[in-house]
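S.K.: Can you read through this structure? Questions will come right after.
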Amino acid sequence: MDLTTDQVSHFQIFGFLLLRGLFAGDEASLMEQEASDIMAEARGGGPVDSTKVQPVQPFFERRPFLASLPADDRIYGPAQSLCGQNCQLIGTEGNLHVGDTPWHGGGHGHNMTSVMPNVKIVFYMDRMTADTGALRVIPGSHRLLLPDPYETLRSRNDAPGFRPFGILPQDIPCVCIETQPGDVIFFTEDTLHAAFGGLPGRHQHAVSFYADPQTDEQRQYIHDLYAKFRFGLHPAESYVNSDNPRLRSIVSRAVEWGFETSKL
């Protein structure tokens, strides 16, 4: 499944793209079931902690249907449209969110978009609205500008008295991407994003890709990221040894470079 020229342009200019109804209702239900099982397993079967986010990495590799998604035409096709042929997996993640997520994205000398194409592909398991934690983005904020007009928003400032540009963080002009299960959001981590409201334990899960490096600068950038990451760029052994050639392909650079694998 390739994106249209207009869809690619939308992503490149605004830093995000929403595809509605990409997965059918039964598929969305299966995603939720597998995701819930992973989360319950990771916390030893105990209740959801309503005071802090529960993150799990790697995530999708832990259950069959989720594990297949990075190679699914509906995910890998758009990833190739945005990042180019033979795009590579950064990693998968799962999160049960609690409360607000402050504005953040890029900045402080980190802007992957300026070095190579990349995309984060996000799945929500619940209906998300402006009042219940839907993803908010500031269009175009992924583009590197010096000086950076958005610098004050990039550092996850959640102090009670924080008033960027003299207003509450939730009043910052933005696009609020309201979704239903089965919808998929594509964006880059350099795009400023946040979420406000919502109940504890709301699911947000993601797969991230980067372009197949073509220059010494791009290769060095990925090696530098690998040195910083604890989970990202550590391919699951189930993908390295998969019968699915596409799953093997999306971790082929990490294997070629001798990056440490994860035991999944």
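To be explicit about the labels: the chains of the structure tokens are called A, B, and onward in the order shown, and within each one the residues are counted from 1, while ligands get numbers from 1 in the order they are shown.
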With only C-alpha atoms as the counted atoms, please give the residues lying no more than 9 Å from region 33-36 of chain A, apart from itself and same-chain residues fewer than 2 positions off, as a PyMOL selection string.

M.R.: chain A and resi 28-31+38-41+59-60+62-66+94+125+203+205

S.K.: Could you please take those selected residues and save all heavy atoms as a compact mmCIF listing (two decimals), in the first residue's frame?

M.R.:
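File out-v6.txt, as written:
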```
# COMPACT_ATOMS: atom_id res chain seq x y z
N ALA A 28 -8.63 -4.43 15.05
CA ALA A 28 -8.39 -3.49 16.14
C ALA A 28 -8.64 -4.16 17.49
O ALA A 28 -7.91 -3.93 18.47
CB ALA A 28 -9.27 -2.25 15.98
N SER A 29 -9.66 -4.99 17.56
CA SER A 29 -9.97 -5.71 18.81
C SER A 29 -8.85 -6.69 19.16
O SER A 29 -8.48 -6.83 20.34
CB SER A 29 -11.29 -6.46 18.68
OG SER A 29 -12.36 -5.55 18.52
N LEU A 30 -8.31 -7.36 18.14
CA LEU A 30 -7.21 -8.29 18.37
C LEU A 30 -5.96 -7.54 18.85
O LEU A 30 -5.26 -8.00 19.76
CB LEU A 30 -6.91 -9.08 17.10
CG LEU A 30 -5.77 -10.10 17.17
CD1 LEU A 30 -5.99 -11.09 18.31
CD2 LEU A 30 -5.62 -10.83 15.83
N MET A 31 -5.69 -6.38 18.25
CA MET A 31 -4.58 -5.54 18.71
C MET A 31 -4.74 -5.21 20.18
O MET A 31 -3.79 -5.32 20.98
CB MET A 31 -4.52 -4.24 17.91
CG MET A 31 -4.00 -4.32 16.52
SD MET A 31 -3.92 -2.64 15.80
CE MET A 31 -4.16 -3.01 14.08
N ILE A 38 0.06 -8.18 26.91
CA ILE A 38 1.47 -7.84 27.09
C ILE A 38 1.65 -6.96 28.33
O ILE A 38 2.53 -7.18 29.16
CB ILE A 38 2.02 -7.11 25.85
CG1 ILE A 38 2.06 -8.03 24.64
CG2 ILE A 38 3.44 -6.57 26.13
CD1 ILE A 38 2.36 -7.32 23.33
N MET A 39 0.80 -5.95 28.45
CA MET A 39 0.90 -5.02 29.56
C MET A 39 0.66 -5.73 30.90
O MET A 39 1.39 -5.50 31.88
CB MET A 39 -0.08 -3.87 29.38
CG MET A 39 0.31 -2.90 28.28
SD MET A 39 1.90 -2.13 28.66
CE MET A 39 2.02 -0.93 27.33
N ALA A 40 -0.36 -6.59 30.94
CA ALA A 40 -0.65 -7.32 32.17
C ALA A 40 0.51 -8.24 32.54
O ALA A 40 0.90 -8.35 33.71
CB ALA A 40 -1.94 -8.13 32.01
N GLU A 41 1.06 -8.90 31.54
CA GLU A 41 2.21 -9.78 31.76
C GLU A 41 3.40 -8.99 32.29
O GLU A 41 4.10 -9.43 33.22
CB GLU A 41 2.56 -10.46 30.44
CG GLU A 41 3.69 -11.44 30.49
CD GLU A 41 3.90 -12.09 29.13
OE1 GLU A 41 4.63 -11.48 28.29
OE2 GLU A 41 3.36 -13.18 28.89
N PHE A 59 7.91 -4.16 22.06
CA PHE A 59 6.52 -4.41 22.40
C PHE A 59 5.82 -5.34 21.41
O PHE A 59 5.35 -6.41 21.76
CB PHE A 59 5.78 -3.08 22.49
CG PHE A 59 4.36 -3.20 22.98
CD1 PHE A 59 4.10 -3.44 24.32
CD2 PHE A 59 3.29 -3.07 22.10
CE1 PHE A 59 2.79 -3.56 24.79
CE2 PHE A 59 1.99 -3.18 22.56
CZ PHE A 59 1.74 -3.42 23.91
N PHE A 60 5.76 -4.94 20.16
CA PHE A 60 4.98 -5.70 19.18
C PHE A 60 5.47 -7.13 19.03
O PHE A 60 4.69 -8.04 18.74
CB PHE A 60 5.03 -5.00 17.81
CG PHE A 60 4.14 -3.79 17.71
CD1 PHE A 60 4.18 -2.79 18.67
CD2 PHE A 60 3.26 -3.66 16.66
CE1 PHE A 60 3.36 -1.68 18.59
CE2 PHE A 60 2.43 -2.54 16.55
CZ PHE A 60 2.48 -1.55 17.53
N ARG A 62 6.08 -9.33 21.01
CA ARG A 62 5.68 -10.24 22.07
C ARG A 62 4.40 -11.02 21.79
O ARG A 62 4.06 -11.93 22.56
CB ARG A 62 5.51 -9.45 23.38
CG ARG A 62 6.80 -8.79 23.86
CD ARG A 62 6.56 -7.83 25.01
NE ARG A 62 7.76 -7.07 25.33
CZ ARG A 62 8.63 -7.40 26.27
NH1 ARG A 62 8.42 -8.48 27.01
NH2 ARG A 62 9.69 -6.65 26.51
N ARG A 63 3.67 -10.68 20.72
CA ARG A 63 2.45 -11.40 20.38
C ARG A 63 2.35 -11.53 18.85
O ARG A 63 2.82 -10.67 18.11
CB ARG A 63 1.21 -10.67 20.92
CG ARG A 63 1.04 -10.73 22.44
CD ARG A 63 0.81 -12.14 22.95
NE ARG A 63 0.51 -12.19 24.37
CZ ARG A 63 1.42 -12.16 25.35
NH1 ARG A 63 2.70 -12.06 25.05
NH2 ARG A 63 1.04 -12.24 26.62
N PRO A 64 1.69 -12.59 18.35
CA PRO A 64 1.75 -12.91 16.92
C PRO A 64 1.20 -11.83 15.98
O PRO A 64 1.86 -11.48 14.99
CB PRO A 64 0.95 -14.21 16.79
CG PRO A 64 0.72 -14.71 18.15
CD PRO A 64 1.01 -13.63 19.12
N PHE A 65 -0.01 -11.34 16.24
CA PHE A 65 -0.58 -10.37 15.30
C PHE A 65 0.20 -9.06 15.34
O PHE A 65 0.56 -8.51 14.29
CB PHE A 65 -2.06 -10.12 15.59
CG PHE A 65 -2.70 -9.20 14.59
CD1 PHE A 65 -2.85 -9.59 13.27
CD2 PHE A 65 -3.14 -7.93 14.96
CE1 PHE A 65 -3.44 -8.73 12.32
CE2 PHE A 65 -3.71 -7.08 14.03
CZ PHE A 65 -3.87 -7.47 12.70
N LEU A 66 0.46 -8.54 16.53
CA LEU A 66 1.25 -7.31 16.64
C LEU A 66 2.62 -7.50 15.99
O LEU A 66 3.12 -6.59 15.31
CB LEU A 66 1.40 -6.91 18.10
CG LEU A 66 0.14 -6.38 18.80
CD1 LEU A 66 0.40 -6.17 20.29
CD2 LEU A 66 -0.34 -5.08 18.16
N GLY A 94 5.24 0.11 23.57
CA GLY A 94 3.88 0.14 24.08
C GLY A 94 3.83 1.03 25.31
O GLY A 94 4.78 1.05 26.11
N MET A 125 -5.79 2.29 21.05
CA MET A 125 -6.74 1.19 21.21
C MET A 125 -8.13 1.66 21.63
O MET A 125 -9.08 0.88 21.70
CB MET A 125 -6.23 0.20 22.26
CG MET A 125 -4.85 -0.37 21.99
SD MET A 125 -4.74 -1.46 20.55
CE MET A 125 -3.99 -0.37 19.33
N HIS A 203 -4.18 3.16 26.05
CA HIS A 203 -3.16 2.53 25.22
C HIS A 203 -2.67 3.47 24.11
O HIS A 203 -3.47 4.05 23.37
CB HIS A 203 -3.74 1.29 24.54
CG HIS A 203 -3.97 0.13 25.44
ND1 HIS A 203 -3.11 -0.93 25.54
CD2 HIS A 203 -4.99 -0.15 26.31
CE1 HIS A 203 -3.58 -1.82 26.40
NE2 HIS A 203 -4.73 -1.37 26.88
N HIS A 205 0.51 2.75 21.24
CA HIS A 205 1.59 1.85 20.84
C HIS A 205 2.13 2.29 19.48
O HIS A 205 1.39 2.88 18.68
CB HIS A 205 1.09 0.41 20.80
CG HIS A 205 0.32 0.02 22.03
ND1 HIS A 205 0.82 0.23 23.30
CD2 HIS A 205 -0.92 -0.52 22.20
CE1 HIS A 205 -0.06 -0.19 24.19
NE2 HIS A 205 -1.13 -0.64 23.55
```

S.K.: Excluding same-chain residues fewer than 2 positions from region 126-132 of chain A, what lies within 9 Å of it counting only C-alpha atoms, as a count of residues only?

M.R.: 19

S.K.: Of the residues A:Asp6, A:Asp100, A:Asp73, A:Glu237, which is the one nearest to Pro58 (chain A), using only C-alpha atoms?

M.R.: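 Smallest distance to Pro58 (chain A) is found for A:Glu237.
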
S.K.: Quote the spacing between CA of Phe16 (chain A) and CA of Gly232 (chain A) in Å to one decimal place.

M.R.: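 Between these atoms lies a distance of 21.3 Å.
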
S.K.: DSSP on the backbone, then: every residue of region 158-261 of chain A marked strand (DSSP E or B), written as a ChimeraX atom specification.

M.R.: /A:175-177,179,181,183-187,193-195,197,202-210,236

S.K.: Keeping only N, CA, C and O atoms, take the residues you just selected and write them out as a tab-separated table (two decimals), in the first residue's frame.

M.R.:
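The resulting again34.tsv:
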```tsv
chain	number	residue	atom	x	y	z
A	175	VAL	N	-3.18	21.08	15.99
A	175	VAL	CA	-4.16	20.15	15.43
A	175	VAL	C	-4.33	19.02	16.43
A	175	VAL	O	-3.35	18.38	16.84
A	176	CYS	N	-5.55	18.77	16.84
A	176	CYS	CA	-5.87	17.65	17.74
A	176	CYS	C	-6.38	16.51	16.86
A	176	CYS	O	-7.42	16.65	16.20
A	177	ILE	N	-5.67	15.40	16.86
A	177	ILE	CA	-5.98	14.29	15.96
A	177	ILE	C	-6.89	13.29	16.67
A	177	ILE	O	-6.43	12.38	17.36
A	179	THR	N	-9.25	10.15	17.01
A	179	THR	CA	-9.20	8.87	16.31
A	179	THR	C	-10.16	7.85	16.91
A	179	THR	O	-10.59	7.97	18.05
A	181	PRO	N	-10.43	3.35	17.14
A	181	PRO	CA	-9.62	2.15	16.94
A	181	PRO	C	-9.62	1.73	15.48
A	181	PRO	O	-10.67	1.72	14.83
A	183	ASP	N	-7.78	3.45	13.25
A	183	ASP	CA	-7.09	4.59	12.63
A	183	ASP	C	-5.61	4.52	12.97
A	183	ASP	O	-5.22	3.99	14.03
A	184	VAL	N	-4.77	5.07	12.11
A	184	VAL	CA	-3.33	5.06	12.35
A	184	VAL	C	-2.76	6.44	12.06
A	184	VAL	O	-3.10	7.07	11.04
A	185	ILE	N	-1.90	6.92	12.95
A	185	ILE	CA	-1.25	8.22	12.79
A	185	ILE	C	0.22	8.01	12.44
A	185	ILE	O	0.91	7.21	13.08
A	186	PHE	N	0.67	8.75	11.44
A	186	PHE	CA	2.07	8.75	11.04
A	186	PHE	C	2.63	10.13	11.36
A	186	PHE	O	2.08	11.13	10.92
A	187	PHE	N	3.72	10.19	12.11
A	187	PHE	CA	4.35	11.48	12.36
A	187	PHE	C	5.82	11.27	12.65
A	187	PHE	O	6.31	10.13	12.71
A	193	HIS	N	4.55	17.48	19.86
A	193	HIS	CA	3.31	16.76	20.14
A	193	HIS	C	3.07	16.68	21.64
A	193	HIS	O	3.98	16.80	22.46
A	194	ALA	N	1.80	16.48	21.99
A	194	ALA	CA	1.38	16.46	23.39
A	194	ALA	C	0.02	15.80	23.47
A	194	ALA	O	-0.61	15.47	22.45
A	195	ALA	N	-0.46	15.59	24.70
A	195	ALA	CA	-1.81	15.08	24.93
A	195	ALA	C	-2.29	15.59	26.28
A	195	ALA	O	-1.50	15.69	27.23
A	197	GLY	N	-5.67	15.49	29.19
A	197	GLY	CA	-6.89	14.82	29.60
A	197	GLY	C	-6.78	13.31	29.45
A	197	GLY	O	-5.74	12.76	29.10
A	202	ARG	N	-4.66	4.45	29.28
A	202	ARG	CA	-5.04	4.48	27.86
A	202	ARG	C	-3.86	4.00	27.01
A	202	ARG	O	-2.72	4.40	27.21
A	203	HIS	N	-4.18	3.16	26.05
A	203	HIS	CA	-3.16	2.53	25.22
A	203	HIS	C	-2.67	3.47	24.11
A	203	HIS	O	-3.47	4.05	23.37
A	204	GLN	N	-1.34	3.54	23.96
A	204	GLN	CA	-0.73	4.15	22.78
A	204	GLN	C	0.50	3.32	22.44
A	204	GLN	O	1.42	3.18	23.26
A	205	HIS	N	0.51	2.75	21.24
A	205	HIS	CA	1.59	1.85	20.84
A	205	HIS	C	2.13	2.29	19.48
A	205	HIS	O	1.39	2.88	18.68
A	206	ALA	N	3.40	2.01	19.22
A	206	ALA	CA	4.02	2.59	18.03
A	206	ALA	C	5.12	1.71	17.46
A	206	ALA	O	5.80	0.96	18.18
A	207	VAL	N	5.31	1.87	16.14
A	207	VAL	CA	6.42	1.30	15.39
A	207	VAL	C	7.15	2.45	14.71
A	207	VAL	O	6.49	3.33	14.12
A	208	SER	N	8.48	2.46	14.77
A	208	SER	CA	9.24	3.57	14.17
A	208	SER	C	10.24	3.04	13.14
A	208	SER	O	10.91	2.02	13.38
A	209	PHE	N	10.34	3.77	12.02
A	209	PHE	CA	11.25	3.42	10.93
A	209	PHE	C	12.16	4.60	10.60
A	209	PHE	O	11.80	5.76	10.83
A	210	TYR	N	13.32	4.30	10.03
A	210	TYR	CA	14.20	5.33	9.49
A	210	TYR	C	14.64	4.91	8.09
A	210	TYR	O	14.59	3.73	7.73
A	236	ALA	N	14.88	-7.63	17.47
A	236	ALA	CA	14.44	-8.86	18.11
A	236	ALA	C	14.98	-10.06	17.33
A	236	ALA	O	14.97	-10.07	16.10
```

S.K.: Once DSSP has gone over the backbone, tell me which residues of region 17-261 of chain A are in helix (DSSP H, G or I), as a PyMOL selection string.

M.R.: chain A and resi 25-42+60-62+64-71+73-83+112-114+151-153+164-166+169-171+216-228+237-240+245-250+252-256

S.K.: Just the residues within 9 Å of region 49-56 of chain A, please, counting only C-alpha atoms, with nothing from its chain fewer than 4 positions along; format it as a list in words.

M.R.: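 Here the qualifying residues turn out to be Ile38, Met39, Ala42, Arg43, Thr92, Glu93, Gly94, Asn95, Leu96, His97, Val98, Gly99, Leu199, Pro200 and Gly201 of chain A.
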
S.K.: Using only C-alpha atoms, can you tell me which of A:Glu189, A:Lys228, A:Ile138, A:Thr261 comes closest to Cys174 (chain A)?

M.R.: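 Ranking A:Glu189, A:Lys228, A:Ile138, A:Thr261 by distance to Cys174 (chain A), first place goes to A:Ile138.
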